[in-house]
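Have a look at the structure below, then the notes.
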Amino acid sequence: MAQGKLITMDEFTIMETRKFPQATGEMSSLLRDLGLAGKIVNKQVRKAGLMDILGKHGATNVQGEEQMKLDVYANETLINILKNSTDCSGIASEENECHVSYEDTFSANSKYVVLFDPLDGSSNIDVNAPIGTIFAIYRRVSELGKSCIEADFLQPGNKLMAAGYIIYGSSTMMVYATRLSVNGFTLEPSIGEFCLSHPNITCPESGKIYSINQGNYNKYTEGMKGYIDYCMDSNKEENRPYSHRYIGSMVGDLHRTLLKGGIFMYPSDKSSPKGKLRLQYECNPMAFIMDAAGGKASNGECNILDMQPTELHQRCPIFIGSKNMVDKALEFVRQPETVA
């Protein structure tokens with residue numbers, strides 16, 4: 001990037017597309033549409049305290065979780081923008097029970113489907129903490145010209161074409177990964193464009209921060225407790241104890257982990273034996289980003305990206321972040337449990 005020259009996300013994606021003569025430009029258009037949705041949601045987030053869009057919506061989503069007003073707004077915004085796009089054949093949202101197929105001729109001939117968590121960390125909305133949008137783009141497996149089907153949305157993460165997130169924090173950033181690289185774009189309010197600010201992001205192999213809901217300590221396995229104890233133990237040669245940071249928003253915690261190194265963990269526990277985060281809307285896209293940046297993501301037994309989804313709203317545990325830290329955590333959590 002030339003010093004003093006702003007490169008917009010549209011310019012960047014066009015330059016990347018030119019590397020592939022066979023590219024049709026559909027992916028670039030999809031990323032632009034997702035960026036537009038992010039700008040619209042960002043506008044509402046910025047003035048949420050001045051409008052009647054804070055607080056609970058009064059309904060629950062398919063997960064049985066209470067919806068916030070901004071959850072609903074973000075979900076509807078993404079659905080409508082992608083519906084008006086000619087480059088998306090259908091979507092699946094964490095807020096909706098089933099996938100939505102777009103039936104117009106242009107959409108039916110699109111190669112891609114999009115899955116998203118419209119507003120991750122929505123419990124943070126009312127306290128003005130970081131929240132975000134997570135998205136995943138797959139090439140459909142169903143026949144072009146016809147409606148997309150559930151199988152299009154039940155692909156493992158290693159089939160992803162692109163994934164990313166938009167974080168609404170002190171500044172608004174869009175970070176996305178392809179098989180080429182991971183790049184971050186900061187919204188420049190004066191021109192209303194995402195501009196390249198973090199090219200070729202790589203996650204450090206080690207870090208000094210661990211992120212987990214430590215209040216659930218007594219619900220965790222002995223191996224998980226052992227790793228937390230390890231993180232808190234003092235060892236100057238290994239730069240321990242590590243610092244504990246936990247925002248309660250996967251986007252917020254993983255954005256820090258991606259840039260500075262560390263580990264984010266949401267393991268299974270006595271209350272959630274299958275884990276709590278959603279595989280297709282949260283774990284797979286974040287694992288794809290981290291993997292492309294040189295990090296690692298596991299469910300405790302295998303690579304997240306190798307899991308074959310069996311249902312749209314499947315949950316799974318996750319250990320994700322700096323490769324060395326994830327490997328060390330897995331040494332602990334894979335130990336056989338002691339039978340009392």
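Letters A, B, ... mark the chains of the structure tokens in the order given; residue numbers begin at 1 per chain; ligand numbers begin at 1, in order shown.
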
Hey, which bits of region 134-253 of chain A sit within 8 Å of region 76-99 of chain A, and for each residue what's the closest pair of atoms and how far apart in Å (one decimal), counting only C-alpha atoms, rows by chain and increasing number, as JSON lines?
```
{"residue": "A:Ser147", "atom": "CA", "partner": "A:Ser89", "partner_atom": "CA", "distance": 7.3}
{"residue": "A:Cys148", "atom": "CA", "partner": "A:Ser89", "partner_atom": "CA", "distance": 6.3}
{"residue": "A:Glu150", "atom": "CA", "partner": "A:His99", "partner_atom": "CA", "distance": 6.9}
{"residue": "A:Phe153", "atom": "CA", "partner": "A:Ala92", "partner_atom": "CA", "distance": 7.3}
```

Pull C-alpha atoms from the residues just selected and write them as a PDB file, in the first residue's frame.
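Contents of the output file part_12.pdb:
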```
ATOM      1  CA  SER A 147     -33.483 -23.374  -5.657  1.00  0.00           C
ATOM      2  CA  CYS A 148     -30.647 -23.933  -3.238  1.00  0.00           C
ATOM      3  CA  GLU A 150     -30.074 -27.527   2.816  1.00  0.00           C
ATOM      4  CA  PHE A 153     -25.433 -24.968   3.884  1.00  0.00           C
TER       5      PHE A 153
END
```

Can you tell me which residues surround Ile131 (chain A) at a distance of at most 9 Å, considering only C-alpha atoms, apart from same-chain residues fewer than 6 positions away, and format the answer as a PDB file with N, CA and C atoms, in the first residue's frame?
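Written out: part.pdb:
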```
ATOM      1  N   LEU A 119     -25.616 -10.510  14.508  1.00  0.00           N
ATOM      2  CA  LEU A 119     -25.080  -9.634  15.547  1.00  0.00           C
ATOM      3  C   LEU A 119     -24.567 -10.481  16.706  1.00  0.00           C
ATOM      4  N   ASP A 120     -23.313 -10.859  16.602  1.00  0.00           N
ATOM      5  CA  ASP A 120     -22.664 -11.652  17.644  1.00  0.00           C
ATOM      6  C   ASP A 120     -22.409 -10.781  18.874  1.00  0.00           C
ATOM      7  N   GLY A 121     -22.628 -11.372  20.063  1.00  0.00           N
ATOM      8  CA  GLY A 121     -22.386 -10.633  21.305  1.00  0.00           C
ATOM      9  C   GLY A 121     -23.493  -9.673  21.650  1.00  0.00           C
ATOM     10  N   SER A 122     -24.723  -9.988  21.236  1.00  0.00           N
ATOM     11  CA  SER A 122     -25.825  -9.038  21.412  1.00  0.00           C
ATOM     12  C   SER A 122     -26.142  -8.751  22.878  1.00  0.00           C
ATOM     13  N   SER A 123     -25.684  -9.614  23.796  1.00  0.00           N
ATOM     14  CA  SER A 123     -25.881  -9.319  25.216  1.00  0.00           C
ATOM     15  C   SER A 123     -25.075  -8.091  25.640  1.00  0.00           C
ATOM     16  N   ASN A 124     -24.103  -7.692  24.791  1.00  0.00           N
ATOM     17  CA  ASN A 124     -23.275  -6.517  25.083  1.00  0.00           C
ATOM     18  C   ASN A 124     -23.885  -5.215  24.568  1.00  0.00           C
ATOM     19  N   ILE A 125     -24.974  -5.296  23.811  1.00  0.00           N
ATOM     20  CA  ILE A 125     -25.515  -4.109  23.151  1.00  0.00           C
ATOM     21  C   ILE A 125     -25.833  -2.996  24.138  1.00  0.00           C
ATOM     22  N   ILE A 166     -17.450  -8.293  10.761  1.00  0.00           N
ATOM     23  CA  ILE A 166     -17.449  -6.836  10.889  1.00  0.00           C
ATOM     24  C   ILE A 166     -17.576  -6.547  12.368  1.00  0.00           C
ATOM     25  N   ILE A 167     -16.629  -5.803  12.913  1.00  0.00           N
ATOM     26  CA  ILE A 167     -16.654  -5.498  14.344  1.00  0.00           C
ATOM     27  C   ILE A 167     -17.014  -4.034  14.532  1.00  0.00           C
ATOM     28  N   TYR A 168     -18.027  -3.804  15.376  1.00  0.00           N
ATOM     29  CA  TYR A 168     -18.483  -2.451  15.680  1.00  0.00           C
ATOM     30  C   TYR A 168     -17.905  -2.076  17.037  1.00  0.00           C
ATOM     31  N   GLY A 169     -16.741  -1.444  17.020  1.00  0.00           N
ATOM     32  CA  GLY A 169     -16.047  -1.083  18.255  1.00  0.00           C
ATOM     33  C   GLY A 169     -15.695   0.386  18.261  1.00  0.00           C
ATOM     34  N   SER A 249     -18.051 -11.459  23.702  1.00  0.00           N
ATOM     35  CA  SER A 249     -18.414 -11.373  22.287  1.00  0.00           C
ATOM     36  C   SER A 249     -17.322 -12.095  21.520  1.00  0.00           C
ATOM     37  N   MET A 250     -17.680 -13.144  20.794  1.00  0.00           N
ATOM     38  CA  MET A 250     -16.661 -13.913  20.080  1.00  0.00           C
ATOM     39  C   MET A 250     -15.893 -13.021  19.105  1.00  0.00           C
ATOM     40  N   VAL A 251     -16.601 -12.133  18.414  1.00  0.00           N
ATOM     41  CA  VAL A 251     -15.942 -11.229  17.480  1.00  0.00           C
ATOM     42  C   VAL A 251     -14.909 -10.370  18.202  1.00  0.00           C
ATOM     43  N   GLY A 252     -15.305  -9.788  19.340  1.00  0.00           N
ATOM     44  CA  GLY A 252     -14.393  -8.926  20.084  1.00  0.00           C
ATOM     45  C   GLY A 252     -13.174  -9.670  20.594  1.00  0.00           C
TER      46      GLY A 252
END
```

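Separating CA of Gln44 (chain A) from CA of Val175 (chain A) is a distance of 19.9 Å.
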
Surrounding residues of Gly145 (chain A) excluding itself and chain neighbours under 2 positions, 9 Å, only C-alpha atoms, as a PyMOL selection string: chain A and resi 105-110+143+147-148

Go ahead and dump the residues you just picked, all heavy atoms, as an mmCIF file, in the first residue's frame.
```
data_model
loop_
_atom_site.group_PDB
_atom_site.id
_atom_site.type_symbol
_atom_site.label_atom_id
_atom_site.label_comp_id
_atom_site.auth_asym_id
_atom_site.auth_seq_id
_atom_site.Cartn_x
_atom_site.Cartn_y
_atom_site.Cartn_z
ATOM 1 N N THR A 105 -34.639 -15.415 -11.013
ATOM 2 C CA THR A 105 -33.786 -16.095 -11.991
ATOM 3 C C THR A 105 -32.308 -15.851 -11.744
ATOM 4 O O THR A 105 -31.477 -16.774 -11.811
ATOM 5 C CB THR A 105 -34.147 -15.647 -13.426
ATOM 6 O OG1 THR A 105 -35.529 -15.913 -13.653
ATOM 7 C CG2 THR A 105 -33.300 -16.385 -14.454
ATOM 8 N N PHE A 106 -31.947 -14.590 -11.439
ATOM 9 C CA PHE A 106 -30.537 -14.271 -11.218
ATOM 10 C C PHE A 106 -29.977 -15.026 -10.012
ATOM 11 O O PHE A 106 -28.894 -15.604 -10.067
ATOM 12 C CB PHE A 106 -30.358 -12.767 -11.012
ATOM 13 C CG PHE A 106 -30.563 -11.963 -12.263
ATOM 14 C CD1 PHE A 106 -31.664 -11.131 -12.395
ATOM 15 C CD2 PHE A 106 -29.660 -12.044 -13.305
ATOM 16 C CE1 PHE A 106 -31.855 -10.397 -13.549
ATOM 17 C CE2 PHE A 106 -29.838 -11.303 -14.464
ATOM 18 C CZ PHE A 106 -30.944 -10.478 -14.590
ATOM 19 N N SER A 107 -30.729 -15.020 -8.906
ATOM 20 C CA SER A 107 -30.262 -15.679 -7.692
ATOM 21 C C SER A 107 -30.150 -17.183 -7.889
ATOM 22 O O SER A 107 -29.204 -17.821 -7.403
ATOM 23 C CB SER A 107 -31.213 -15.379 -6.528
ATOM 24 O OG SER A 107 -31.247 -13.995 -6.240
ATOM 25 N N ALA A 108 -31.123 -17.763 -8.584
ATOM 26 C CA ALA A 108 -31.111 -19.210 -8.803
ATOM 27 C C ALA A 108 -29.867 -19.654 -9.577
ATOM 28 O O ALA A 108 -29.421 -20.795 -9.465
ATOM 29 C CB ALA A 108 -32.373 -19.642 -9.539
ATOM 30 N N ASN A 109 -29.292 -18.750 -10.357
ATOM 31 C CA ASN A 109 -28.101 -19.082 -11.133
ATOM 32 C C ASN A 109 -26.808 -18.649 -10.451
ATOM 33 O O ASN A 109 -25.728 -18.799 -11.029
ATOM 34 C CB ASN A 109 -28.189 -18.443 -12.522
ATOM 35 C CG ASN A 109 -29.107 -19.215 -13.445
ATOM 36 O OD1 ASN A 109 -28.755 -20.294 -13.927
ATOM 37 N ND2 ASN A 109 -30.303 -18.685 -13.676
ATOM 38 N N SER A 110 -26.922 -18.137 -9.227
ATOM 39 C CA SER A 110 -25.725 -17.758 -8.487
ATOM 40 C C SER A 110 -25.021 -18.992 -7.936
ATOM 41 O O SER A 110 -25.654 -19.981 -7.562
ATOM 42 C CB SER A 110 -26.088 -16.828 -7.332
ATOM 43 O OG SER A 110 -24.975 -16.623 -6.496
ATOM 44 N N GLU A 143 -27.757 -27.913 -8.069
ATOM 45 C CA GLU A 143 -27.755 -27.561 -9.491
ATOM 46 C C GLU A 143 -28.085 -26.087 -9.697
ATOM 47 O O GLU A 143 -29.061 -25.566 -9.136
ATOM 48 C CB GLU A 143 -28.770 -28.440 -10.230
ATOM 49 C CG GLU A 143 -28.806 -28.234 -11.728
ATOM 50 C CD GLU A 143 -29.823 -29.139 -12.409
ATOM 51 O OE1 GLU A 143 -30.311 -30.080 -11.751
ATOM 52 O OE2 GLU A 143 -30.126 -28.880 -13.599
ATOM 53 N N SER A 147 -33.573 -23.887 -7.022
ATOM 54 C CA SER A 147 -33.483 -23.374 -5.657
ATOM 55 C C SER A 147 -32.354 -24.063 -4.904
ATOM 56 O O SER A 147 -32.109 -25.263 -5.095
ATOM 57 C CB SER A 147 -34.803 -23.606 -4.918
ATOM 58 O OG SER A 147 -35.867 -22.944 -5.554
ATOM 59 N N CYS A 148 -31.669 -23.305 -4.073
ATOM 60 C CA CYS A 148 -30.647 -23.933 -3.238
ATOM 61 C C CYS A 148 -31.314 -24.843 -2.213
ATOM 62 O O CYS A 148 -32.506 -24.693 -1.905
ATOM 63 C CB CYS A 148 -29.781 -22.876 -2.556
ATOM 64 S SG CYS A 148 -30.665 -21.692 -1.545
#
```

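Summary of the local environment: counting only C-alpha atoms, residues at most 6 Å from Val182 (chain A), other than itself and those fewer than 4 positions away along its chain, are A:Tyr176, A:Ala177, A:Asn200, A:Ile201.
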
Would you save the residues of that selection, restricted to all heavy atoms, as a PDB file, in the first residue's frame?
```
ATOM      1  N   TYR A 176     -11.776 -10.018   6.380  1.00  0.00           N
ATOM      2  CA  TYR A 176     -12.222 -11.226   5.691  1.00  0.00           C
ATOM      3  C   TYR A 176     -11.024 -12.025   5.185  1.00  0.00           C
ATOM      4  O   TYR A 176      -9.940 -11.488   4.954  1.00  0.00           O
ATOM      5  CB  TYR A 176     -13.207 -10.912   4.567  1.00  0.00           C
ATOM      6  CG  TYR A 176     -12.619 -10.359   3.287  1.00  0.00           C
ATOM      7  CD1 TYR A 176     -12.057 -11.201   2.327  1.00  0.00           C
ATOM      8  CD2 TYR A 176     -12.656  -8.995   3.014  1.00  0.00           C
ATOM      9  CE1 TYR A 176     -11.535 -10.707   1.143  1.00  0.00           C
ATOM     10  CE2 TYR A 176     -12.138  -8.484   1.841  1.00  0.00           C
ATOM     11  CZ  TYR A 176     -11.580  -9.355   0.900  1.00  0.00           C
ATOM     12  OH  TYR A 176     -11.053  -8.851  -0.266  1.00  0.00           O
ATOM     13  N   ALA A 177     -11.266 -13.317   5.055  1.00  0.00           N
ATOM     14  CA  ALA A 177     -10.234 -14.249   4.603  1.00  0.00           C
ATOM     15  C   ALA A 177     -10.704 -14.973   3.356  1.00  0.00           C
ATOM     16  O   ALA A 177     -11.879 -15.328   3.231  1.00  0.00           O
ATOM     17  CB  ALA A 177      -9.919 -15.264   5.700  1.00  0.00           C
ATOM     18  N   ASN A 200      -2.571  -8.477   4.891  1.00  0.00           N
ATOM     19  CA  ASN A 200      -1.888  -9.756   5.147  1.00  0.00           C
ATOM     20  C   ASN A 200      -1.721 -10.039   6.642  1.00  0.00           C
ATOM     21  O   ASN A 200      -0.606 -10.200   7.152  1.00  0.00           O
ATOM     22  CB  ASN A 200      -0.516  -9.767   4.459  1.00  0.00           C
ATOM     23  CG  ASN A 200      -0.627  -9.746   2.950  1.00  0.00           C
ATOM     24  OD1 ASN A 200      -1.389 -10.507   2.366  1.00  0.00           O
ATOM     25  ND2 ASN A 200       0.109  -8.853   2.306  1.00  0.00           N
ATOM     26  N   ILE A 201      -2.833 -10.113   7.330  1.00  0.00           N
ATOM     27  CA  ILE A 201      -2.809 -10.359   8.778  1.00  0.00           C
ATOM     28  C   ILE A 201      -2.294 -11.770   9.057  1.00  0.00           C
ATOM     29  O   ILE A 201      -2.715 -12.740   8.433  1.00  0.00           O
ATOM     30  CB  ILE A 201      -4.210 -10.197   9.384  1.00  0.00           C
ATOM     31  CG1 ILE A 201      -4.697  -8.756   9.222  1.00  0.00           C
ATOM     32  CG2 ILE A 201      -4.221 -10.597  10.865  1.00  0.00           C
ATOM     33  CD1 ILE A 201      -6.160  -8.557   9.614  1.00  0.00           C
TER      34      ILE A 201
END
```

Nearest to Gly164 (chain A), chosen from A:Val72, A:Ile134, A:Cys316, A:Ile209, with only C-alpha atoms counted in the distances: A:Ile134

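What separates CA of Pro204 (chain A) from CA of Val114 (chain A) is a distance of 29.0 Å.
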
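The smallest atom-to-atom distance between Glu331 (chain A) and any of A:Pro317, A:Gly295, A:Gly223, A:Pro241, using only C-alpha atoms, is found for A:Gly223.
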
Thr178 (chain A) surroundings by only C-alpha atoms, 10 Å radius, close-in-sequence under 6 positions cut, as a list in words: Ile137, Leu160, Met161, Ala162, Ala163, Gly164, Phe288, Ile289 and Ala292 of chain A

Test item, strand (DSSP E) assignment across region 223-338 of chain A, answer as a PyMOL selection string: chain A and resi 243-244+263-266+296-298+318-321

Could you write out the selected residues, including N, CA, C and O atoms, as a short mmCIF file (atom, residue, chain, number, x, y, z; two decimals), in the first residue's frame?
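The result, written out as again_22.cif:
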```cif
data_model
loop_
_atom_site.label_atom_id
_atom_site.label_comp_id
_atom_site.auth_asym_id
_atom_site.auth_seq_id
_atom_site.Cartn_x
_atom_site.Cartn_y
_atom_site.Cartn_z
N SER A 243 -2.37 -13.17 30.91
CA SER A 243 -3.44 -12.24 31.26
C SER A 243 -4.78 -12.83 30.81
O SER A 243 -4.88 -13.41 29.72
N HIS A 244 -5.80 -12.67 31.65
CA HIS A 244 -7.13 -13.15 31.31
C HIS A 244 -7.96 -11.99 30.79
O HIS A 244 -8.09 -10.96 31.45
N ILE A 263 -5.33 -17.14 22.99
CA ILE A 263 -6.24 -18.26 22.76
C ILE A 263 -7.62 -17.89 23.28
O ILE A 263 -7.76 -17.28 24.34
N PHE A 264 -8.65 -18.25 22.50
CA PHE A 264 -10.04 -18.09 22.89
C PHE A 264 -10.63 -19.48 23.02
O PHE A 264 -10.45 -20.33 22.13
N MET A 265 -11.35 -19.72 24.12
CA MET A 265 -11.91 -21.05 24.37
C MET A 265 -13.36 -20.96 24.80
O MET A 265 -13.71 -20.14 25.65
N TYR A 266 -14.19 -21.78 24.17
CA TYR A 266 -15.57 -21.95 24.65
C TYR A 266 -15.81 -23.46 24.66
O TYR A 266 -16.38 -24.02 23.72
N LYS A 296 -4.82 -21.68 14.57
CA LYS A 296 -5.37 -23.03 14.63
C LYS A 296 -6.70 -23.02 15.36
O LYS A 296 -6.93 -22.18 16.24
N ALA A 297 -7.59 -23.95 15.00
CA ALA A 297 -8.88 -24.08 15.67
C ALA A 297 -9.25 -25.55 15.78
O ALA A 297 -9.15 -26.30 14.80
N SER A 298 -9.68 -25.96 16.98
CA SER A 298 -10.02 -27.36 17.24
C SER A 298 -11.28 -27.42 18.09
O SER A 298 -11.58 -26.49 18.83
N ILE A 318 -14.96 -25.06 21.10
CA ILE A 318 -13.92 -24.49 20.26
C ILE A 318 -12.72 -24.02 21.09
O ILE A 318 -12.89 -23.47 22.19
N PHE A 319 -11.53 -24.28 20.55
CA PHE A 319 -10.25 -23.80 21.07
C PHE A 319 -9.55 -23.17 19.87
O PHE A 319 -9.19 -23.88 18.93
N ILE A 320 -9.34 -21.87 19.89
CA ILE A 320 -8.90 -21.19 18.68
C ILE A 320 -7.94 -20.05 19.01
O ILE A 320 -8.09 -19.38 20.03
N GLY A 321 -6.94 -19.88 18.15
CA GLY A 321 -5.99 -18.79 18.36
C GLY A 321 -4.60 -19.15 17.91
O GLY A 321 -4.41 -19.88 16.92
#
```

All alpha helix (DSSP H) positions in region 50-269 of chain A, as a ChimeraX atom specification: /A:69-84,105-108,222-232,250-260

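Between Leu330 (chain A) and the candidates A:Met307, A:Gly226, A:Thr257, A:Ile149, the tightest atom-to-atom separation, counting only C-alpha atoms, involves A:Gly226.
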
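The two atoms in question, CA of Gln214 (chain A) and CA of Arg334 (chain A), are spaced 19.2 Å apart.
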
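Each of A:Gln308, A:Ser29, A:Asn216, A:Ser206 was compared to Met9 (chain A) using only C-alpha atoms, and A:Ser29 turns out to be the nearest.
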
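When only C-alpha atoms are used to measure the gap to His198 (chain A), the shortest distance among A:Lys43, A:His255, A:Lys146, A:Lys69 belongs to A:His255.
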